[in-house]
Amino acid sequence: MKKLFISFVLLFLSFSAQADAGYFVGLSFLLDGNLSEKNIGLTGKIMNSDKQDEWKAAIGASIYPWSDNKFGIDLGAGYNDNNTAGFISYDLLQAKPVVSLGWVNN
């Protein structure tokens, strides 16, 4: 698992060398089949680019205030428009897929 995580981090760093990094702040929703407040969190991500209207790779951290396991680190991809973005990621600490929606800096 550590080798996979290190591979994703190195891949993300290679993307960020091509353009200025972008930042994302928003809400995250763990996809585990239950509709519960335990699956709602606050997330922040660093994207490989700050350009709008294109696909992005991102690495992020989340806080799930109502969950038993309160923290998450995720890797994923998404699309951003004019100051908004959506991401589909996999949370390595929660071991679940995540959907995130929020604001970006472009």
# chains A, B, ... in the order shown; residues from 1 in each chain; ligands from 1

call {"tool": "select_by_dssp", "arguments": {"residues": "stretch 3-103 of chain A", "states": "strand (DSSP E)", "output": "PyMOL selection string"}}
result
chain A and resi 22-30+40-47+54-63+71-80+84-91+96-103

call {"tool": "residues_around", "arguments": {"residues": "A:Asn105", "least_positions_apart": "5", "cutoff": "12 Å", "atoms": "only C-alpha atoms", "output": "PyMOL selection string"}}
result
chain A and resi 20-26+44-47+49-52+80-85

call {"tool": "write_last_selection", "arguments": {"atoms": "N, CA, C and O atoms", "output": "PDB file, in the first residue's frame"}}
result
ATOM      1  N   ASP A  20       1.268  25.946 -12.822  1.00  0.00           N
ATOM      2  CA  ASP A  20       1.057  26.349 -11.439  1.00  0.00           C
ATOM      3  C   ASP A  20       0.025  25.436 -10.802  1.00  0.00           C
ATOM      4  O   ASP A  20      -0.961  25.073 -11.433  1.00  0.00           O
ATOM      5  N   ALA A  21       0.238  25.108  -9.558  1.00  0.00           N
ATOM      6  CA  ALA A  21      -0.707  24.247  -8.849  1.00  0.00           C
ATOM      7  C   ALA A  21      -1.991  25.011  -8.550  1.00  0.00           C
ATOM      8  O   ALA A  21      -1.976  26.212  -8.321  1.00  0.00           O
ATOM      9  N   GLY A  22      -3.088  24.310  -8.553  1.00  0.00           N
ATOM     10  CA  GLY A  22      -4.377  24.886  -8.194  1.00  0.00           C
ATOM     11  C   GLY A  22      -4.808  24.359  -6.836  1.00  0.00           C
ATOM     12  O   GLY A  22      -4.314  23.333  -6.362  1.00  0.00           O
ATOM     13  N   TYR A  23      -5.729  25.051  -6.205  1.00  0.00           N
ATOM     14  CA  TYR A  23      -6.208  24.680  -4.881  1.00  0.00           C
ATOM     15  C   TYR A  23      -7.715  24.504  -4.913  1.00  0.00           C
ATOM     16  O   TYR A  23      -8.417  25.201  -5.632  1.00  0.00           O
ATOM     17  N   PHE A  24      -8.217  23.571  -4.109  1.00  0.00           N
ATOM     18  CA  PHE A  24      -9.627  23.221  -4.065  1.00  0.00           C
ATOM     19  C   PHE A  24     -10.058  23.141  -2.611  1.00  0.00           C
ATOM     20  O   PHE A  24      -9.351  22.563  -1.784  1.00  0.00           O
ATOM     21  N   VAL A  25     -11.218  23.691  -2.291  1.00  0.00           N
ATOM     22  CA  VAL A  25     -11.821  23.590  -0.960  1.00  0.00           C
ATOM     23  C   VAL A  25     -13.285  23.243  -1.164  1.00  0.00           C
ATOM     24  O   VAL A  25     -13.957  23.863  -1.991  1.00  0.00           O
ATOM     25  N   GLY A  26     -13.787  22.257  -0.421  1.00  0.00           N
ATOM     26  CA  GLY A  26     -15.184  21.892  -0.612  1.00  0.00           C
ATOM     27  C   GLY A  26     -15.659  20.827   0.353  1.00  0.00           C
ATOM     28  O   GLY A  26     -15.060  20.585   1.394  1.00  0.00           O
ATOM     29  N   GLY A  44      -9.772  19.614   1.381  1.00  0.00           N
ATOM     30  CA  GLY A  44      -8.887  20.526   0.670  1.00  0.00           C
ATOM     31  C   GLY A  44      -7.978  19.700  -0.221  1.00  0.00           C
ATOM     32  O   GLY A  44      -7.528  18.617   0.181  1.00  0.00           O
ATOM     33  N   LYS A  45      -7.743  20.176  -1.429  1.00  0.00           N
ATOM     34  CA  LYS A  45      -6.928  19.425  -2.380  1.00  0.00           C
ATOM     35  C   LYS A  45      -5.944  20.356  -3.090  1.00  0.00           C
ATOM     36  O   LYS A  45      -6.203  21.538  -3.226  1.00  0.00           O
ATOM     37  N   ILE A  46      -4.854  19.782  -3.545  1.00  0.00           N
ATOM     38  CA  ILE A  46      -3.914  20.469  -4.416  1.00  0.00           C
ATOM     39  C   ILE A  46      -4.033  19.809  -5.783  1.00  0.00           C
ATOM     40  O   ILE A  46      -3.918  18.588  -5.901  1.00  0.00           O
ATOM     41  N   MET A  47      -4.295  20.623  -6.799  1.00  0.00           N
ATOM     42  CA  MET A  47      -4.479  20.112  -8.163  1.00  0.00           C
ATOM     43  C   MET A  47      -3.202  20.328  -8.970  1.00  0.00           C
ATOM     44  O   MET A  47      -2.401  21.198  -8.649  1.00  0.00           O
ATOM     45  N   SER A  49      -2.889  21.701 -11.812  1.00  0.00           N
ATOM     46  CA  SER A  49      -2.908  22.908 -12.634  1.00  0.00           C
ATOM     47  C   SER A  49      -3.972  23.865 -12.108  1.00  0.00           C
ATOM     48  O   SER A  49      -4.946  23.436 -11.499  1.00  0.00           O
ATOM     49  N   ASP A  50      -3.789  25.165 -12.374  1.00  0.00           N
ATOM     50  CA  ASP A  50      -4.807  26.132 -11.981  1.00  0.00           C
ATOM     51  C   ASP A  50      -5.612  26.649 -13.170  1.00  0.00           C
ATOM     52  O   ASP A  50      -6.383  27.587 -13.038  1.00  0.00           O
ATOM     53  N   LYS A  51      -5.448  26.035 -14.339  1.00  0.00           N
ATOM     54  CA  LYS A  51      -6.211  26.440 -15.519  1.00  0.00           C
ATOM     55  C   LYS A  51      -7.636  25.922 -15.416  1.00  0.00           C
ATOM     56  O   LYS A  51      -7.875  24.847 -14.885  1.00  0.00           O
ATOM     57  N   GLN A  52      -8.595  26.700 -15.954  1.00  0.00           N
ATOM     58  CA  GLN A  52      -9.982  26.258 -15.888  1.00  0.00           C
ATOM     59  C   GLN A  52     -10.382  25.503 -17.146  1.00  0.00           C
ATOM     60  O   GLN A  52      -9.673  25.521 -18.144  1.00  0.00           O
ATOM     61  N   ASN A  80     -12.704  20.986 -13.577  1.00  0.00           N
ATOM     62  CA  ASN A  80     -13.081  22.265 -12.993  1.00  0.00           C
ATOM     63  C   ASN A  80     -13.599  23.202 -14.062  1.00  0.00           C
ATOM     64  O   ASN A  80     -13.179  23.168 -15.207  1.00  0.00           O
ATOM     65  N   ASP A  81     -14.531  24.026 -13.650  1.00  0.00           N
ATOM     66  CA  ASP A  81     -15.139  25.041 -14.494  1.00  0.00           C
ATOM     67  C   ASP A  81     -14.748  26.392 -13.890  1.00  0.00           C
ATOM     68  O   ASP A  81     -13.742  26.493 -13.200  1.00  0.00           O
ATOM     69  N   ASN A  82     -15.516  27.401 -14.098  1.00  0.00           N
ATOM     70  CA  ASN A  82     -15.233  28.732 -13.575  1.00  0.00           C
ATOM     71  C   ASN A  82     -15.437  28.764 -12.060  1.00  0.00           C
ATOM     72  O   ASN A  82     -16.558  28.886 -11.575  1.00  0.00           O
ATOM     73  N   ASN A  83     -14.372  28.620 -11.299  1.00  0.00           N
ATOM     74  CA  ASN A  83     -14.337  28.654  -9.835  1.00  0.00           C
ATOM     75  C   ASN A  83     -15.062  27.509  -9.145  1.00  0.00           C
ATOM     76  O   ASN A  83     -15.252  27.549  -7.939  1.00  0.00           O
ATOM     77  N   THR A  84     -15.482  26.466  -9.850  1.00  0.00           N
ATOM     78  CA  THR A  84     -16.082  25.288  -9.234  1.00  0.00           C
ATOM     79  C   THR A  84     -15.422  24.032  -9.795  1.00  0.00           C
ATOM     80  O   THR A  84     -14.871  24.047 -10.885  1.00  0.00           O
ATOM     81  N   ALA A  85     -15.492  22.951  -9.024  1.00  0.00           N
ATOM     82  CA  ALA A  85     -14.899  21.692  -9.482  1.00  0.00           C
ATOM     83  C   ALA A  85     -15.593  20.513  -8.821  1.00  0.00           C
ATOM     84  O   ALA A  85     -16.206  20.650  -7.753  1.00  0.00           O
TER      85      ALA A  85
END

call {"tool": "residues_around", "arguments": {"residues": "stretch 56-70 of chain A", "least_positions_apart": "3", "cutoff": "7 Å", "atoms": "only C-alpha atoms", "output": "list in words"}}
result
Phe12, Glu37, Lys38, Asn39, Ile40, Gly41, Leu42, Thr43, Gly44, Lys45, Ile46, Met47, Asn48, Ser49, Ile73, Asp74, Leu75, Gly76, Ala77, Gly78 and Tyr79 of chain A

call {"tool": "atom_distance", "arguments": {"atom1": "atom CA of A:Gly33", "atom2": "atom CA of A:Gly102"}}
result
21.9 Å

call {"tool": "residues_around", "arguments": {"residues": "stretch 94-99 of chain A", "least_positions_apart": "5", "cutoff": "7 Å", "atoms": "only C-alpha atoms", "output": "list of chain:residue names"}}
result
A:Ser28, A:Phe29, A:Leu30, A:Leu31, A:Asp32, A:Gly72, A:Phe87, A:Ile88, A:Ser89
